[in-house]
Amino acid sequence: MSEHPDRLWRNPEPRSGYDVVIVGGGGHGLATAYYLAANHGIRNVAVLEKGWLAGGNMARNTTIIRSNYLWDESAAIYEHALKLWEGLSAELDYDILFSQRGVLNLAHTLQDVREGTRRVNANRLNGVDAEWLDPDEVQKFCPVVNTSPDVRYPVLGATLQPRAGIAKHDHVAWAFARKADELGVDLIQGCEVTGFLKQGNKVVGVETNLGPIRAGRVGMAAAGHSSVLASLADVRLPVQSHPLQALVSELLEPVHPCVVMSNHVHVYVSQAHKGELVMGAGIDPYNSYAQRGSVHVIEQQMAAALELFPIFARAHVLRTWGGIVDVTPDASPIIGPTPVDELFVNCGWGTGGFKATPASGWTYAHTLATGKAHPLNEPFALERFTTGALIDEHGAAAVAH
Ligand SMILES: Cc1cc2nc3c(=O)[nH]c(=O)nc-3n(C[C@H](O)[C@H](O)[C@H](O)COP(=O)(O)OP(=O)(O)OC[C@H]3O[C@@H](n4cnc5c(N)ncnc54)[C@H](O)[C@@H]3O)c2cc1C
């Protein structure tokens with residue numbers, strides 16, 4: 001994503017110093033830069049990206065957007081994101097193809113049913129739209145799902161979030177990038193942060209392959225590489241990096257009306273605007289920084305998909321790829337200060353950070369502008385791993401992006 005057809009990219013030389021430097025030009029870094037300028041009037045900002053804008057997870061994800069998480073803290077931040085998504089095309093003056101076609105989370109066991117109905121109740125208490133569907137209602141909502149009782153893991157029901165859906169990820173990145181650029185933010189590609197400039201316990205800038213850059217404040221937004229980056233400032237983060245894969249089929253006529261996810265058989269499927277079936281699964285279980293994973297994960301994902309959607313048996317795989325996601329022990333993100341003064345972190349979104357992009361940027365911008373947590377990101381501080389106030393979203397986030 002180096003040059004967009006409708007706008008030749010300005011890739012400025014870094015200035016000697018900025019009020020705020022953001023490391024990582026993915027969705028979260030770009031959204032943060034936009035909201036710093038738009039909400040807080042802080043425009044002396046640089047986003048430093050070692051590759052090209054949105055060349056990491058931002059343009060590799062499967063674009064599922066929903067807010068039906070279990071715990072109050074998660075529902076609050078993801079629902080804030082969903083509300084922002086609903087107005088984002090207008091705000092950024094760019095069509096991000098946001099499609100609220102509804103997301104189903106299938107239940108295949110009694111335990112799935114209990115978890116799903118509990119989550120529907122929790123969501124409603126938090127003002128998040130949520131419904132429980134029985135198998136006939138699932139069939140009606142999504143006729144291509146196999147709801148026969150004769151399969152290995154029959155569908156016993158599903159949660160439905162009607163306002164959930166998908167958007168076009170590269171459009172989202174461009175939309176934030178264009179607006180941030182218009183507001184005066186420097187978006188600098190090919191600029192890798194290789195170290196931090198420190199005075200005592202305070203960060204005062206970054207070392208890069210383009211030379212040192214001074215900064216009043218530094219915000220890390222380097223998904224997949226957060227622990228490596230933080231270690232350059234002697235900060236140890238409780239995150240592990242894993243490959244996460246996805247694939248698309250050749251282009252098909254519209255056949256699949258919504259998004260279907262199944263934690264139990266470990267696959268999820270939607271159909272992109274152009275017509276590809278978009279399928280993903282869980283993370284590859286080993287740690288890696290290679291942006292690719294193992295073939296057996298794809299094989300299992302396809303087997304699971306065919307059990308749920310026998311109609312796709314003759315579709316061909318067009319492309320597979322992988323990204324690197326960083327995973328925390330409670331499957332919730334970390335946004336806030338680090339033990340080093342003026343160094344902040346935004347990471348650990350694991351398999352589900354695309355949907356959070358606007359709220360992540362909104363709250364992180366607040367934190368970088370004021371030095372304090374926004375009420376929505378306060379519970380997601382690094383210190384929860386010492387206080388024990390974890391926000392365990394494994395149930396809502398396991399394979400569910
Ligand atoms: C296959 C796949 C499917 C997914 N599906 C979904 C989904 O359906 N829904 C959902 O909500 N989420 C999904 N996700 C997760 C989501 O993509 C991520 O959580 C989110 O994109 C992470 O934030 P980001 O966009 O800022 O990350 P990235 O786009 O990865 O941005 C981080 C950037 O930091 C840069 N960087 C790293 N180190 C340095 C350095 N030292 N100096 C300068 N730059 C550096 C990288 O090059 C990268 O561009 C998926 C992820 C993958 C891989």
# chains A, B, ... in the order shown; residues from 1 in each chain; ligands from 1
call {"tool": "select_by_dssp", "arguments": {"residues": "range 182-377 of chain A", "states": "alpha helix (DSSP H)", "output": "PyMOL selection string"}}
result
chain A and resi 182+226-231+295-308+357-370
call {"tool": "residues_near_ligand", "arguments": {"ligand": "ligand 1", "cutoff": "6 Å", "atoms": "only C-alpha atoms and all ligand atoms", "output": "ChimeraX atom specification"}}
result
/A:23-29,48-51,54-58,60-65,191-194,221-223,225,229,244-246,322-324,349-355,401
call {"tool": "residues_around", "arguments": {"residues": "Leu251 in chain A", "least_positions_apart": "6", "cutoff": "10 Å", "atoms": "only C-alpha atoms", "output": "number ranges by chain"}}
result
A: 271-277, 315-318
call {"tool": "write_last_selection", "arguments": {"atoms": "all heavy atoms", "output": "compact mmCIF listing (two decimals), in the first residue's frame"}}
result
# COMPACT_ATOMS: atom_id res chain seq x y z
N GLN A 271 -18.40 -13.37 3.04
CA GLN A 271 -18.15 -13.16 1.61
C GLN A 271 -17.84 -11.70 1.37
O GLN A 271 -18.65 -10.82 1.74
CB GLN A 271 -19.36 -13.60 0.77
CG GLN A 271 -19.05 -13.59 -0.71
CD GLN A 271 -20.10 -14.30 -1.57
OE1 GLN A 271 -21.20 -14.56 -1.12
NE2 GLN A 271 -19.73 -14.61 -2.80
N ALA A 272 -16.69 -11.45 0.79
CA ALA A 272 -16.25 -10.06 0.58
C ALA A 272 -17.10 -9.38 -0.48
O ALA A 272 -17.79 -10.04 -1.26
CB ALA A 272 -14.78 -10.04 0.16
N HIS A 273 -17.02 -8.05 -0.51
CA HIS A 273 -17.83 -7.29 -1.47
C HIS A 273 -17.57 -7.75 -2.91
O HIS A 273 -18.47 -7.82 -3.72
CB HIS A 273 -17.51 -5.79 -1.35
CG HIS A 273 -17.94 -5.21 -0.04
ND1 HIS A 273 -17.15 -5.27 1.09
CD2 HIS A 273 -19.09 -4.61 0.32
CE1 HIS A 273 -17.81 -4.69 2.09
NE2 HIS A 273 -18.98 -4.29 1.65
N LYS A 274 -16.30 -8.07 -3.23
CA LYS A 274 -15.98 -8.48 -4.60
C LYS A 274 -16.50 -9.88 -4.91
O LYS A 274 -16.67 -10.24 -6.07
CB LYS A 274 -14.45 -8.48 -4.79
CG LYS A 274 -13.91 -7.18 -5.30
CD LYS A 274 -12.47 -7.31 -5.79
CE LYS A 274 -11.54 -7.79 -4.71
NZ LYS A 274 -10.13 -7.88 -5.08
N GLY A 275 -16.70 -10.72 -3.87
CA GLY A 275 -17.25 -12.05 -4.09
C GLY A 275 -16.43 -13.20 -3.51
O GLY A 275 -16.89 -14.34 -3.48
N GLU A 276 -15.20 -12.93 -3.06
CA GLU A 276 -14.42 -14.03 -2.48
C GLU A 276 -15.04 -14.49 -1.18
O GLU A 276 -15.51 -13.66 -0.39
CB GLU A 276 -12.98 -13.59 -2.13
CG GLU A 276 -12.19 -12.93 -3.21
CD GLU A 276 -12.13 -11.44 -3.01
OE1 GLU A 276 -13.22 -10.84 -2.79
OE2 GLU A 276 -11.05 -10.87 -3.07
N LEU A 277 -15.00 -15.80 -0.93
CA LEU A 277 -15.31 -16.28 0.41
C LEU A 277 -14.06 -16.03 1.24
O LEU A 277 -12.94 -16.37 0.82
CB LEU A 277 -15.60 -17.79 0.41
CG LEU A 277 -16.83 -18.19 -0.40
CD1 LEU A 277 -16.92 -19.72 -0.50
CD2 LEU A 277 -18.10 -17.64 0.25
N ALA A 315 -15.64 -24.89 -4.45
CA ALA A 315 -14.94 -23.60 -4.56
C ALA A 315 -13.43 -23.83 -4.50
O ALA A 315 -12.96 -24.76 -3.84
CB ALA A 315 -15.38 -22.68 -3.43
N HIS A 316 -12.68 -23.01 -5.21
CA HIS A 316 -11.22 -23.16 -5.21
C HIS A 316 -10.57 -22.09 -4.35
O HIS A 316 -11.04 -20.95 -4.31
CB HIS A 316 -10.67 -23.01 -6.64
CG HIS A 316 -11.15 -24.06 -7.56
ND1 HIS A 316 -11.92 -23.81 -8.66
CD2 HIS A 316 -10.99 -25.40 -7.52
CE1 HIS A 316 -12.22 -24.94 -9.27
NE2 HIS A 316 -11.66 -25.93 -8.59
N VAL A 317 -9.47 -22.47 -3.69
CA VAL A 317 -8.71 -21.49 -2.92
C VAL A 317 -7.93 -20.61 -3.90
O VAL A 317 -7.26 -21.10 -4.79
CB VAL A 317 -7.72 -22.18 -1.96
CG1 VAL A 317 -6.80 -21.16 -1.31
CG2 VAL A 317 -8.49 -22.96 -0.91
N LEU A 318 -8.07 -19.30 -3.72
CA LEU A 318 -7.35 -18.37 -4.59
C LEU A 318 -6.02 -17.97 -3.95
O LEU A 318 -4.99 -17.90 -4.60
CB LEU A 318 -8.23 -17.13 -4.81
CG LEU A 318 -7.74 -16.09 -5.77
CD1 LEU A 318 -7.74 -16.63 -7.19
CD2 LEU A 318 -8.62 -14.85 -5.69
call {"tool": "residues_around", "arguments": {"residues": "Ile298 in chain A", "least_positions_apart": "4", "cutoff": "9 Å", "atoms": "only C-alpha atoms", "output": "ChimeraX atom specification"}}
result
/A:245-247,280-281,293-294,302-303,320
call {"tool": "residues_around", "arguments": {"residues": "range 161-177 of chain A", "least_positions_apart": "3", "cutoff": "6 Å", "atoms": "only C-alpha atoms", "output": "list in words"}}
result
Gly27, Leu30, Ala31, Ala59, Thr63, Ile64, Ile65, Arg66, Leu92, Tyr94, Ile96, Leu97, Phe98, Ser99, Gln100, Arg101, Gly102, Val103, Asp129, Ala130, Ala180 and Asp181 of chain A
call {"tool": "residues_around", "arguments": {"residues": "Lys372 in chain A", "least_positions_apart": "3", "cutoff": "12 Å", "atoms": "only C-alpha atoms", "output": "ChimeraX atom specification"}}
result
/A:335-338,342,344,363-369,375-378,381
